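Enquirer: structure-v8.cif is reproduced in full below (mmCIF, C-alpha atoms).
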```
data_model
#
loop_
_atom_site.label_atom_id
_atom_site.label_comp_id
_atom_site.auth_asym_id
_atom_site.auth_seq_id
_atom_site.Cartn_x
_atom_site.Cartn_y
_atom_site.Cartn_z
CA MET A 1 -7.77 51.13 56.60
CA ARG A 2 -10.65 52.17 58.86
CA LYS A 3 -12.98 52.05 55.86
CA LEU A 4 -11.77 48.55 55.05
CA VAL A 5 -12.49 47.32 58.59
CA ILE A 6 -16.00 48.83 58.50
CA GLN A 7 -16.62 47.20 55.13
CA ALA A 8 -15.43 43.83 56.45
CA ILE A 9 -17.69 44.08 59.54
CA ALA A 10 -20.64 45.08 57.35
CA MET A 11 -19.96 42.12 55.04
CA ILE A 12 -19.85 39.63 57.94
CA ALA A 13 -22.99 41.14 59.50
CA THR A 14 -24.83 40.95 56.17
CA THR A 15 -23.75 37.33 55.69
CA PHE A 16 -25.07 36.33 59.11
CA ALA A 17 -28.23 38.42 58.83
CA GLY A 18 -28.94 37.04 55.39
CA ALA A 19 -28.31 33.47 56.43
CA ALA A 20 -30.28 33.62 59.68
CA SER A 21 -33.94 32.70 59.76
CA ALA A 22 -36.34 31.56 62.46
CA ASP A 23 -35.58 27.94 61.56
CA ASP A 24 -31.89 28.43 62.34
CA TRP A 25 -32.58 29.21 65.98
CA ARG A 26 -33.81 26.84 68.65
CA LEU A 27 -34.76 27.87 72.15
CA ASN A 28 -36.58 25.46 74.43
CA VAL A 29 -36.97 25.93 78.16
CA GLY A 30 -37.89 22.98 80.37
CA LEU A 31 -39.12 23.62 83.90
CA GLY A 32 -39.62 20.69 86.22
CA TYR A 33 -37.44 18.43 88.26
CA GLY A 34 -34.74 15.97 87.42
CA GLU A 35 -31.46 14.59 88.64
CA ARG A 36 -28.27 13.13 87.30
CA THR A 37 -26.83 10.71 89.85
CA ASN A 38 -23.25 11.32 90.85
CA PRO A 39 -21.00 8.27 90.68
CA LEU A 40 -18.49 9.84 93.09
CA VAL A 41 -18.32 8.73 96.70
CA HIS A 42 -19.49 11.30 99.26
CA ALA A 43 -20.90 13.47 96.48
CA ASP A 44 -24.36 14.86 95.91
CA ASP A 45 -26.46 14.08 92.88
CA ILE A 46 -26.92 16.89 90.38
CA PRO A 47 -30.41 18.39 90.50
CA VAL A 48 -31.83 19.97 87.35
CA VAL A 49 -34.85 22.26 87.70
CA LEU A 50 -34.38 24.33 84.55
CA ASP A 51 -33.23 22.73 81.31
CA VAL A 52 -32.44 25.34 78.66
CA ASP A 53 -31.80 24.19 75.11
CA ILE A 54 -30.34 26.95 72.94
CA ALA A 55 -28.81 26.49 69.53
CA TRP A 56 -28.13 28.28 66.28
CA PHE A 57 -27.28 26.56 63.02
CA GLY A 58 -25.85 28.46 60.08
CA GLU A 59 -24.70 27.03 56.79
CA ARG A 60 -21.07 26.68 57.91
CA PHE A 61 -21.05 27.35 61.64
CA PHE A 62 -23.23 26.34 64.56
CA PHE A 63 -23.60 26.83 68.28
CA ASP A 64 -25.36 24.05 70.13
CA ASN A 65 -25.64 24.33 73.91
CA GLY A 66 -22.03 25.35 74.33
CA ASP A 67 -20.62 23.25 71.50
CA LEU A 68 -19.17 25.19 68.57
CA GLY A 69 -19.12 23.63 65.14
CA LEU A 70 -17.60 24.22 61.74
CA THR A 71 -19.50 22.21 59.14
CA LEU A 72 -17.45 20.59 56.41
CA VAL A 73 -20.22 18.66 54.64
CA ASN A 74 -23.98 18.76 55.10
CA ASN A 75 -25.95 17.04 52.36
CA GLU A 76 -28.67 14.40 51.91
CA ALA A 77 -26.26 11.59 52.76
CA ILE A 78 -24.01 12.92 55.48
CA SER A 79 -23.26 15.78 57.87
CA ALA A 80 -19.67 16.20 59.04
CA SER A 81 -18.42 18.94 61.34
CA VAL A 82 -15.39 19.91 63.39
CA VAL A 83 -16.72 20.41 66.91
CA GLY A 84 -15.20 22.13 69.92
CA ARG A 85 -16.69 21.54 73.34
CA ALA A 86 -16.06 21.57 77.06
CA ALA A 87 -16.10 18.08 78.63
CA SER A 88 -18.68 18.34 81.37
CA ASP A 89 -17.40 15.45 83.53
CA ARG A 90 -15.92 18.17 85.74
CA VAL A 91 -19.46 18.93 87.01
CA PHE A 92 -19.48 15.71 89.05
CA PHE A 93 -16.49 17.00 91.02
CA SER A 94 -18.17 20.30 91.81
CA LYS A 95 -20.60 18.30 93.96
CA PHE A 96 -17.65 16.73 95.75
CA ASP A 97 -16.49 19.85 97.49
CA THR A 98 -16.90 18.95 101.14
CA PRO A 99 -13.77 17.47 102.62
CA TYR A 100 -14.57 14.42 104.64
CA ILE A 101 -12.71 13.63 107.80
CA SER A 102 -11.71 10.14 108.62
CA ILE A 103 -10.86 9.32 112.21
CA ARG A 104 -8.68 6.31 112.09
CA GLY A 105 -10.33 3.61 114.09
CA ALA A 106 -9.44 0.61 116.19
CA ASN A 107 -6.93 -0.70 113.68
CA ALA A 108 -5.17 2.59 113.49
CA LEU A 109 -1.86 3.02 115.14
CA PRO A 110 -1.76 5.77 117.73
CA ASP A 111 0.45 8.70 116.87
CA ASP A 112 3.26 10.09 119.01
CA THR A 113 0.80 11.57 121.50
CA GLY A 114 -0.84 8.17 121.99
CA THR A 115 -4.21 9.15 120.42
CA ALA A 116 -5.77 7.94 117.22
CA SER A 117 -4.81 10.23 114.34
CA GLU A 118 -7.21 12.23 112.22
CA GLU A 119 -6.81 12.46 108.49
CA VAL A 120 -8.55 14.78 106.07
CA THR A 121 -9.19 13.48 102.60
CA ARG A 122 -9.41 16.38 100.23
CA PRO A 123 -11.74 16.15 97.24
CA PRO A 124 -9.81 15.73 94.02
CA ASP A 125 -9.55 18.83 91.84
CA ARG A 126 -10.47 18.48 88.17
CA ASP A 127 -10.76 21.06 85.40
CA TYR A 128 -13.06 21.45 82.44
CA ALA A 129 -11.28 20.04 79.41
CA VAL A 130 -11.63 21.70 76.02
CA GLU A 131 -11.93 18.97 73.42
CA VAL A 132 -11.96 19.24 69.64
CA GLY A 133 -13.04 16.54 67.26
CA ILE A 134 -14.85 15.38 64.17
CA GLU A 135 -18.53 14.46 64.27
CA VAL A 136 -20.24 12.60 61.44
CA MET A 137 -23.99 12.02 61.20
CA THR A 138 -25.81 9.87 58.68
CA ASP A 139 -29.34 8.50 58.30
CA ILE A 140 -29.78 4.77 58.62
CA ALA A 141 -33.25 3.20 58.39
CA ALA A 142 -35.60 5.28 60.57
CA GLY A 143 -32.86 6.87 62.66
CA THR A 144 -29.57 8.74 62.69
CA LEU A 145 -26.15 7.29 63.40
CA THR A 146 -23.67 9.69 64.98
CA THR A 147 -20.00 8.84 65.21
CA ALA A 148 -17.45 11.18 66.72
CA ALA A 149 -13.88 11.35 67.93
CA TYR A 150 -12.58 14.08 70.24
CA HIS A 151 -9.12 14.91 71.54
CA ASP A 152 -8.08 17.15 74.37
CA ALA A 153 -7.06 20.49 72.89
CA GLY A 154 -6.03 22.34 76.02
CA GLY A 155 -3.52 19.96 77.58
CA THR A 156 -5.84 19.08 80.45
CA HIS A 157 -5.84 15.31 80.14
CA ASP A 158 -4.14 14.66 76.77
CA GLY A 159 -6.64 11.87 76.12
CA TRP A 160 -9.30 11.15 73.57
CA GLN A 161 -12.85 9.85 73.30
CA MET A 162 -14.73 8.05 70.54
CA LEU A 163 -18.45 7.51 70.41
CA ALA A 164 -21.13 5.90 68.28
CA GLU A 165 -24.82 6.49 68.90
CA TYR A 166 -28.03 5.63 67.10
CA ASP A 167 -31.20 7.60 67.75
CA THR A 168 -34.73 7.45 66.43
CA GLY A 169 -38.15 8.99 67.07
CA LEU A 170 -41.79 7.99 66.78
CA ARG A 171 -44.89 10.20 66.76
CA ILE A 172 -48.33 9.01 67.78
CA GLY A 173 -50.92 11.78 67.66
CA ARG A 174 -49.78 14.48 70.06
CA TRP A 175 -47.14 12.19 71.57
CA TYR A 176 -43.52 12.03 70.47
CA PHE A 177 -41.19 9.29 71.67
CA ALA A 178 -37.44 9.46 71.26
CA SER A 179 -34.80 6.87 72.00
CA ALA A 180 -31.05 6.61 71.65
CA ALA A 181 -28.38 4.05 72.48
CA GLY A 182 -24.65 4.23 72.12
CA LEU A 183 -21.14 3.35 73.14
CA THR A 184 -18.36 5.69 74.24
CA TYR A 185 -14.71 4.71 74.47
CA ASN A 186 -12.56 6.86 76.73
CA SER A 187 -8.77 6.60 76.49
CA SER A 188 -6.64 5.75 79.52
CA SER A 189 -5.34 9.34 79.79
CA ARG A 190 -8.86 10.75 79.80
CA ASN A 191 -10.21 8.24 82.31
CA ASP A 192 -7.17 8.54 84.53
CA TYR A 193 -7.38 12.33 84.63
CA PHE A 194 -11.01 12.35 85.80
CA TRP A 195 -11.29 9.08 87.73
CA GLY A 196 -7.76 8.13 88.75
CA VAL A 197 -6.18 8.95 92.11
CA SER A 198 -2.65 10.28 91.83
CA SER A 199 0.03 9.60 94.43
CA THR A 200 -0.27 13.20 95.66
CA GLU A 201 -4.02 12.77 96.18
CA ALA A 202 -3.77 9.35 97.81
CA THR A 203 -4.43 8.91 101.52
CA SER A 204 -5.01 5.86 103.66
CA ASP A 205 -8.73 6.09 102.85
CA LEU A 206 -8.21 6.95 99.21
CA PRO A 207 -5.60 4.68 97.69
CA ALA A 208 -3.77 5.64 94.52
CA TYR A 209 -5.50 4.33 91.41
CA GLU A 210 -4.72 4.35 87.73
CA ALA A 211 -7.90 4.29 85.64
CA HIS A 212 -7.54 2.46 82.36
CA GLY A 213 -9.41 3.18 79.16
CA GLY A 214 -12.73 1.50 78.59
CA LEU A 215 -16.12 1.39 77.00
CA ASN A 216 -19.21 3.07 78.50
CA ALA A 217 -22.66 2.12 77.19
CA HIS A 218 -25.72 4.34 77.40
CA VAL A 219 -29.41 4.38 76.61
CA THR A 220 -31.85 7.34 76.62
CA LEU A 221 -35.64 7.33 76.42
CA GLY A 222 -37.89 10.36 76.16
CA ALA A 223 -41.59 11.03 75.78
CA SER A 224 -43.38 14.31 75.20
CA TYR A 225 -47.04 15.25 74.90
CA HIS A 226 -47.69 18.46 72.98
CA PHE A 227 -50.60 20.59 74.19
CA THR A 228 -49.89 23.29 71.63
CA ARG A 229 -47.14 24.16 69.17
CA GLN A 230 -45.27 25.85 72.02
CA LEU A 231 -46.16 23.96 75.19
CA SER A 232 -45.49 20.33 75.97
CA MET A 233 -45.10 17.99 78.89
CA ALA A 234 -41.93 15.94 78.73
CA ALA A 235 -40.19 13.16 80.61
CA SER A 236 -36.84 11.55 80.00
CA PHE A 237 -34.71 8.77 81.41
CA SER A 238 -31.10 7.89 80.73
CA TYR A 239 -28.65 5.32 82.01
CA GLU A 240 -24.94 5.10 81.38
CA ARG A 241 -23.01 2.01 82.36
CA LEU A 242 -19.49 2.96 83.36
CA SER A 243 -16.48 1.02 82.18
CA ASN A 244 -14.47 -1.11 84.64
CA GLY A 245 -11.67 1.44 84.50
CA ILE A 246 -14.05 4.04 85.98
CA ASN A 247 -16.13 2.01 88.41
CA GLY A 248 -13.01 0.34 89.80
CA SER A 249 -11.81 3.73 91.05
CA PRO A 250 -11.93 4.35 94.82
CA LEU A 251 -13.52 7.71 93.89
CA VAL A 252 -16.52 5.91 92.43
CA ASP A 253 -19.13 3.93 94.34
CA THR A 254 -21.50 2.90 91.55
CA ASN A 255 -21.25 1.28 88.17
CA GLY A 256 -23.75 3.52 86.38
CA VAL A 257 -25.14 7.02 86.12
CA VAL A 258 -28.89 7.57 86.00
CA GLY A 259 -30.56 10.72 84.73
CA TYR A 260 -34.23 11.64 84.73
CA PHE A 261 -36.35 14.73 84.21
CA GLY A 262 -40.05 15.50 84.10
CA GLY A 263 -41.71 18.83 83.50
CA LEU A 264 -43.17 21.36 81.13
CA VAL A 265 -41.29 22.57 78.07
CA TYR A 266 -41.89 25.83 76.23
CA ARG A 267 -40.61 26.28 72.68
CA PHE A 268 -39.90 29.86 71.66
CA MET B 269 -60.43 52.42 95.93
CA LYS B 270 -62.51 54.49 93.45
CA ARG B 271 -59.87 54.03 90.77
CA ARG B 272 -59.89 50.27 91.32
CA THR B 273 -63.70 50.08 91.04
CA THR B 274 -63.65 52.10 87.80
CA LEU B 275 -61.02 49.76 86.34
CA THR B 276 -63.04 46.66 87.30
CA ILE B 277 -66.21 48.08 85.67
CA ALA B 278 -64.26 48.98 82.52
CA LEU B 279 -62.88 45.45 82.30
CA LEU B 280 -66.35 43.95 82.83
CA LEU B 281 -67.83 46.13 80.08
CA MET B 282 -65.01 45.21 77.70
CA GLY B 283 -65.66 41.52 78.39
CA THR B 284 -69.40 41.95 77.74
CA PHE B 285 -68.83 43.76 74.43
CA SER B 286 -66.21 41.31 73.19
CA HIS B 287 -68.59 38.45 74.00
CA ALA B 288 -71.41 40.21 72.15
CA GLU B 289 -69.26 40.59 69.03
CA LYS B 290 -68.50 36.89 68.88
CA ARG B 291 -71.40 35.56 66.77
CA ALA B 292 -70.07 32.15 65.82
CA SER B 293 -67.50 29.55 66.79
CA LEU B 294 -65.55 27.04 64.73
CA GLN B 295 -63.62 24.12 66.18
CA ALA B 296 -61.19 21.80 64.45
CA LYS B 297 -60.05 18.46 65.90
CA PRO B 298 -57.28 17.45 65.86
CA SER B 299 -55.64 20.84 65.69
CA LEU B 300 -51.97 19.89 65.84
CA CYS B 301 -49.80 17.98 63.39
CA ILE B 302 -46.39 16.81 64.60
CA VAL B 303 -43.72 16.28 61.94
CA ASP B 304 -40.07 15.43 62.13
CA ARG B 305 -37.20 15.22 59.66
CA ARG B 306 -38.31 11.86 58.30
CA VAL B 307 -42.10 12.17 58.33
CA GLU B 308 -42.90 15.63 57.02
CA SER B 309 -46.69 15.51 56.87
CA CYS B 310 -49.70 14.20 58.77
CA ASP B 311 -52.55 12.36 57.07
CA MET B 312 -55.45 13.80 59.01
CA GLU B 313 -59.20 13.50 59.14
CA ILE B 314 -60.16 16.87 60.58
CA ASP B 315 -63.51 17.13 62.30
CA LEU B 316 -64.85 20.68 61.93
CA ARG B 317 -67.86 21.82 63.99
CA TRP B 318 -69.43 25.26 63.95
CA HIS B 319 -72.21 27.08 65.81
CA ALA B 320 -73.73 30.51 65.24
CA ASP B 321 -76.05 32.74 67.25
CA ARG B 322 -78.48 33.23 64.37
CA SER B 323 -79.55 31.43 61.20
CA SER B 324 -78.00 32.53 57.93
CA ARG B 325 -76.13 31.15 54.95
CA TYR B 326 -72.70 30.09 56.20
CA CYS B 327 -69.76 28.76 54.21
CA LEU B 328 -66.71 26.87 55.42
CA ILE B 329 -63.53 27.98 53.67
CA ARG B 330 -60.10 26.33 53.76
CA GLN B 331 -57.20 28.60 52.79
CA GLY B 332 -59.55 30.69 50.65
CA ARG B 333 -61.19 27.70 48.98
CA PRO B 334 -64.90 26.96 49.76
CA LEU B 335 -65.53 23.48 51.15
CA GLN B 336 -69.26 23.54 51.92
CA CYS B 337 -72.12 25.99 52.48
CA TRP B 338 -75.22 25.66 54.68
CA SER B 339 -78.45 27.67 54.24
CA SER B 340 -80.77 28.89 57.00
CA THR B 341 -79.05 27.04 59.79
CA ARG B 342 -77.13 27.82 62.98
CA GLU B 343 -74.77 24.86 63.17
CA GLY B 344 -73.03 22.30 61.03
CA GLY B 345 -70.14 19.88 60.70
CA TYR B 346 -67.66 18.81 58.06
CA LYS B 347 -64.94 16.19 57.83
CA ASP B 348 -61.89 17.27 55.89
CA THR B 349 -59.38 14.59 54.92
CA MET B 350 -56.00 15.84 53.86
CA SER B 351 -52.24 15.59 54.17
CA VAL B 352 -51.02 18.46 56.35
CA SER B 353 -47.47 19.76 56.15
CA ARG B 354 -47.99 23.47 56.89
CA ARG B 355 -50.35 25.64 58.93
CA ILE B 356 -53.95 25.39 57.65
CA ARG B 357 -56.62 27.98 58.32
CA TYR B 358 -60.37 27.41 58.15
CA ASP B 359 -62.84 30.31 58.10
CA LEU B 360 -66.60 30.36 58.58
CA THR B 361 -68.16 33.15 56.51
CA ASP B 362 -71.67 34.56 56.41
CA THR B 363 -72.69 35.16 52.78
CA ASN B 364 -75.66 37.31 53.88
CA ARG B 365 -73.19 39.67 55.54
CA GLY B 366 -70.85 40.13 52.59
CA ASP B 367 -68.86 36.95 53.23
CA ALA B 368 -67.61 38.39 56.50
CA ILE B 369 -65.52 35.93 58.51
CA GLN B 370 -67.50 34.89 61.58
CA ALA B 371 -65.06 32.41 63.10
CA SER B 372 -61.71 30.78 62.33
CA ALA B 373 -59.77 27.68 63.31
CA THR B 374 -56.21 26.60 62.53
CA ILE B 375 -54.29 23.37 62.25
CA GLU B 376 -50.80 24.07 63.56
CA VAL B 377 -47.72 22.16 62.45
CA LEU B 378 -45.06 21.41 65.03
CA ARG B 379 -41.69 20.45 63.59
CA ILE B 380 -39.93 18.33 66.20
CA SER B 381 -36.70 18.16 64.23
CA SER B 382 -35.47 20.30 61.39
CA LYS B 383 -34.66 19.16 57.87
CA ASP B 384 -31.09 20.03 58.80
CA ARG B 385 -29.69 16.79 60.24
CA ARG B 386 -27.24 18.66 62.47
CA GLN B 387 -30.14 20.07 64.48
CA SER B 388 -30.85 16.59 65.82
CA ARG B 389 -27.42 16.50 67.53
CA ARG B 390 -27.87 15.17 71.02
CA SER B 391 -26.37 17.16 73.85
CA ARG B 392 -24.04 15.10 76.01
CA HIS B 393 -23.52 17.54 78.84
CA VAL B 394 -24.09 16.32 82.38
CA TRP B 395 -26.68 19.03 83.07
CA ASP B 396 -28.79 18.34 79.96
CA LEU B 397 -31.47 15.79 80.72
CA LEU B 398 -34.09 16.45 78.05
#
```
Can the structure in the file be given as structure tokens, please?

Expert:
Amino acid sequence: MRKLVIQAIAMIATTFAGAASADDWRLNVGLGYGERTNPLVHADDIPVVLDVDIAWFGERFFFDNGDLGLTLVNNEAISASVVGRAASDRVFFSKFDTPYISIRGANALPDDTGTASEEVTRPPDRDYAVEVGIEVMTDIAAGTLTTAAYHDAGGTHDGWQMLAEYDTGLRIGRWYFASAAGLTYNSSSRNDYFWGVSSTEATSDLPAYEAHGGLNAHVTLGASYHFTRQLSMAASFSYERLSNGINGSPLVDTNGVVGYFGGLVYRF
Amino acid sequence: MKRRTTLTIALLLMGTFSHAEKRASLQAKPSLCIVDRRVESCDMEIDLRWHADRSSRYCLIRQGRPLQCWSSTREGGYKDTMSVSRRIRYDLTDTNRGDAIQASATIEVLRISSKDRRQSRRSRHVWDLL
């Protein structure tokens, strides 16, 4: 039995070692400054100083910055994979961790002691959701079309998300320009979990809210200048327009999320 | 203090000797070709310039293949037009010194995206901005 286990481990190790080459790995480290704006009220934007891009792609499996994939098809025409990931919307709420105190003002009714009452609005608590879905990529004209559908796999929000995105790139000498645009549909359950306000969370300052499903639209632009094969200077900008179901929430005070980054990138 | 001075002198001497050994230089411009999954080569006109400390018969070699030779001269230039899809090495040899390589230059290839389509997946995490 022990011999069998050792043989199995050796076989798996040989398979991975045989399949792995330098081209399968990707490690890029970006050092600079950037921010992702936080659509939540009373919340800080998310600063990014270090942007690490780490990925490994095997014939059947891949790891891509936290996403895990099982590839079903990968040929000249199409790439299709089952992908598991953690929905990172939770990060916005980690910047929303300071309770804010509302002193009820002139319109407030005095309490039993005859003074204006004080109410603490607690920041809503949200978890990372593990989502599993199918992702299909195909080449169209000079770019790649990615379509994907994910469903909550851990019972966090019981919702789903669908997305379609087209991306393309252009090189001019040592410059490389990349752009992408896409649409994401979030189901009512998903939107309501992250952006809704339940009756238990509601206060006089934070009314209960049910977030409906809706379509977000996004665009991303990036430019990089390559000094050498390893070192480049890069800048990126992204904007995501939030659906009415999200920006109508009393938790949200903006209708879009902006992201930008500028710095040096080293490719290992 | 003494140890530090000794180390500084040693470094200075090493720098002097390494400079003395360098008898020629070869420069290639441009020296970088960027390719992606769709465009896998660069059509380049490479400007090669070389200088040497002393006159001799020098030859410019690309990947082991002679491109041009110059006699009794200390500098020269050559324009190489080619489609680049992998690393290219140029050598300057001195035929009067047994074809010894005097200087080298390379054209590096940077692959922005792999042939594997999956590697161009775009990260959608909040903290990924590049």

Enquirer: Taking the file above as input, evaluate the PyMOL selection byres ((chain A and resi 157) around 8) and report the hits as a PyMOL selection string.

Expert: chain A and resi 129+152+155-156+158-159+189-190+193

Enquirer: Output the selection as a PDB file, keeping the file's coordinate frame - C-alpha atoms for each residue.

Expert:
```
ATOM      1  CA  ALA A 129     -11.280  20.040  79.410  1.00  0.00           C
ATOM      2  CA  ASP A 152      -8.080  17.150  74.370  1.00  0.00           C
ATOM      3  CA  GLY A 155      -3.520  19.960  77.580  1.00  0.00           C
ATOM      4  CA  THR A 156      -5.840  19.080  80.450  1.00  0.00           C
ATOM      5  CA  ASP A 158      -4.140  14.660  76.770  1.00  0.00           C
ATOM      6  CA  GLY A 159      -6.640  11.870  76.120  1.00  0.00           C
ATOM      7  CA  SER A 189      -5.340   9.340  79.790  1.00  0.00           C
ATOM      8  CA  ARG A 190      -8.860  10.750  79.800  1.00  0.00           C
ATOM      9  CA  TYR A 193      -7.380  12.330  84.630  1.00  0.00           C
TER      10      TYR A 193
END
```

Enquirer: Can you tell me how far CA of Leu206 (chain A) sits from CA of Lys95 (chain A), in Å to one decimal?

Expert: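 So the answer is 17.6 Å.
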
Enquirer: Counting all atoms listed in the file, which residues have an atom no more than 8 Å from (-27.5, 16.9, 83.1) in the file's coordinates? Please list them as a ChimeraX atom specification.

Expert: /A:35-36,46,48,259 /B:393-397

Enquirer: What would the file look like if the residues just selected were written as an mmCIF file, keeping the file's coordinate frame with C-alpha atoms?

Expert:
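Produced file part_27.cif, reproduced below:
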```
data_model
loop_
_atom_site.group_PDB
_atom_site.id
_atom_site.type_symbol
_atom_site.label_atom_id
_atom_site.label_comp_id
_atom_site.auth_asym_id
_atom_site.auth_seq_id
_atom_site.Cartn_x
_atom_site.Cartn_y
_atom_site.Cartn_z
ATOM 1 C CA GLU A 35 -31.460 14.590 88.640
ATOM 2 C CA ARG A 36 -28.270 13.130 87.300
ATOM 3 C CA ILE A 46 -26.920 16.890 90.380
ATOM 4 C CA VAL A 48 -31.830 19.970 87.350
ATOM 5 C CA GLY A 259 -30.560 10.720 84.730
ATOM 6 C CA HIS B 393 -23.520 17.540 78.840
ATOM 7 C CA VAL B 394 -24.090 16.320 82.380
ATOM 8 C CA TRP B 395 -26.680 19.030 83.070
ATOM 9 C CA ASP B 396 -28.790 18.340 79.960
ATOM 10 C CA LEU B 397 -31.470 15.790 80.720
#
```

Enquirer: Please report as number ranges by chain which residues of chain B come no farther than 8 Å from chain A, using all atoms listed in the file.

Expert: B: 300-303, 306, 376-378, 382, 385-387, 391, 393-398

Enquirer: Distance CA of Phe61 (chain A)-CA of Val83 (chain A), one decimal place?

Expert: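 One can read the CA of Phe61 (chain A) to CA of Val83 (chain A) distance as 9.7 Å.
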
Enquirer: Could you tell me how far CA of Trp160 (chain A) lies from CA of Leu145 (chain A), in Å and to one decimal?

Expert: 20.1 Å

Enquirer: Could you name the residues that touch region 242-257 of chain A at 9 Å or less, counting all atoms listed in the file, but leaving out those on the same chain fewer than 2 positions away, as an MDAnalysis selection string?

Expert: chainID A and resid 36:42 124 185:186 188 191:192 194:197 205:218 238:240 259

Enquirer: What residues come out when you apply the PyMOL selection byres ((chain B and resi 375) around 12) to this file, written as a ChimeraX atom specification?

Expert: /A:228-229 /B:295-302,310,312-316,330-331,348,350-359,372-374,376-378

Enquirer: Find, counting only C-alpha atoms, the residue in B:Arg389, B:Arg325, B:His319, B:Arg291 that gets nearest to Gly366 (chain B).

Expert: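 Closest to Gly366 (chain B) of all the choices is B:Arg325.
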
Enquirer: How would region 139-177 of chain A look written as a PDB file, in the first residue's frame with C-alpha atoms?

Expert:
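Written out: part.pdb:
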```
ATOM      1  CA  ASP A 139     -10.191  35.027 -30.909  1.00  0.00           C
ATOM      2  CA  ILE A 140     -12.213  37.513 -32.891  1.00  0.00           C
ATOM      3  CA  ALA A 141     -10.502  39.890 -35.334  1.00  0.00           C
ATOM      4  CA  ALA A 142      -7.442  41.357 -33.573  1.00  0.00           C
ATOM      5  CA  GLY A 143      -8.643  40.592 -30.056  1.00  0.00           C
ATOM      6  CA  THR A 144     -10.022  38.002 -27.665  1.00  0.00           C
ATOM      7  CA  LEU A 145     -13.616  37.644 -26.537  1.00  0.00           C
ATOM      8  CA  THR A 146     -14.078  36.207 -23.057  1.00  0.00           C
ATOM      9  CA  THR A 147     -17.475  35.073 -21.843  1.00  0.00           C
ATOM     10  CA  ALA A 148     -18.029  33.592 -18.425  1.00  0.00           C
ATOM     11  CA  ALA A 149     -20.736  32.605 -15.980  1.00  0.00           C
ATOM     12  CA  TYR A 150     -20.109  32.059 -12.269  1.00  0.00           C
ATOM     13  CA  HIS A 151     -22.314  30.823  -9.448  1.00  0.00           C
ATOM     14  CA  ASP A 152     -21.811  31.021  -5.725  1.00  0.00           C
ATOM     15  CA  ALA A 153     -20.444  27.677  -4.567  1.00  0.00           C
ATOM     16  CA  GLY A 154     -20.194  28.300  -0.847  1.00  0.00           C
ATOM     17  CA  GLY A 155     -23.696  29.474   0.021  1.00  0.00           C
ATOM     18  CA  THR A 156     -22.554  33.031   0.687  1.00  0.00           C
ATOM     19  CA  HIS A 157     -24.926  34.899  -1.604  1.00  0.00           C
ATOM     20  CA  ASP A 158     -26.524  32.140  -3.721  1.00  0.00           C
ATOM     21  CA  GLY A 159     -26.325  34.437  -6.745  1.00  0.00           C
ATOM     22  CA  TRP A 160     -24.614  34.370 -10.091  1.00  0.00           C
ATOM     23  CA  GLN A 161     -22.679  36.602 -12.456  1.00  0.00           C
ATOM     24  CA  MET A 162     -22.250  36.614 -16.229  1.00  0.00           C
ATOM     25  CA  LEU A 163     -19.698  38.611 -18.145  1.00  0.00           C
ATOM     26  CA  ALA A 164     -18.562  39.333 -21.676  1.00  0.00           C
ATOM     27  CA  GLU A 165     -15.348  41.201 -22.413  1.00  0.00           C
ATOM     28  CA  TYR A 166     -13.331  41.990 -25.509  1.00  0.00           C
ATOM     29  CA  ASP A 167      -9.658  42.867 -25.265  1.00  0.00           C
ATOM     30  CA  THR A 168      -6.963  43.740 -27.755  1.00  0.00           C
ATOM     31  CA  GLY A 169      -3.372  44.973 -27.842  1.00  0.00           C
ATOM     32  CA  LEU A 170      -1.160  47.070 -30.092  1.00  0.00           C
ATOM     33  CA  ARG A 171       2.641  47.325 -30.169  1.00  0.00           C
ATOM     34  CA  ILE A 172       4.521  50.331 -31.485  1.00  0.00           C
ATOM     35  CA  GLY A 173       8.273  49.957 -31.124  1.00  0.00           C
ATOM     36  CA  ARG A 174       9.009  49.566 -27.424  1.00  0.00           C
ATOM     37  CA  TRP A 175       5.459  50.587 -26.495  1.00  0.00           C
ATOM     38  CA  TYR A 176       2.594  48.190 -25.907  1.00  0.00           C
ATOM     39  CA  PHE A 177      -0.985  49.407 -25.568  1.00  0.00           C
TER      40      PHE A 177
END
```
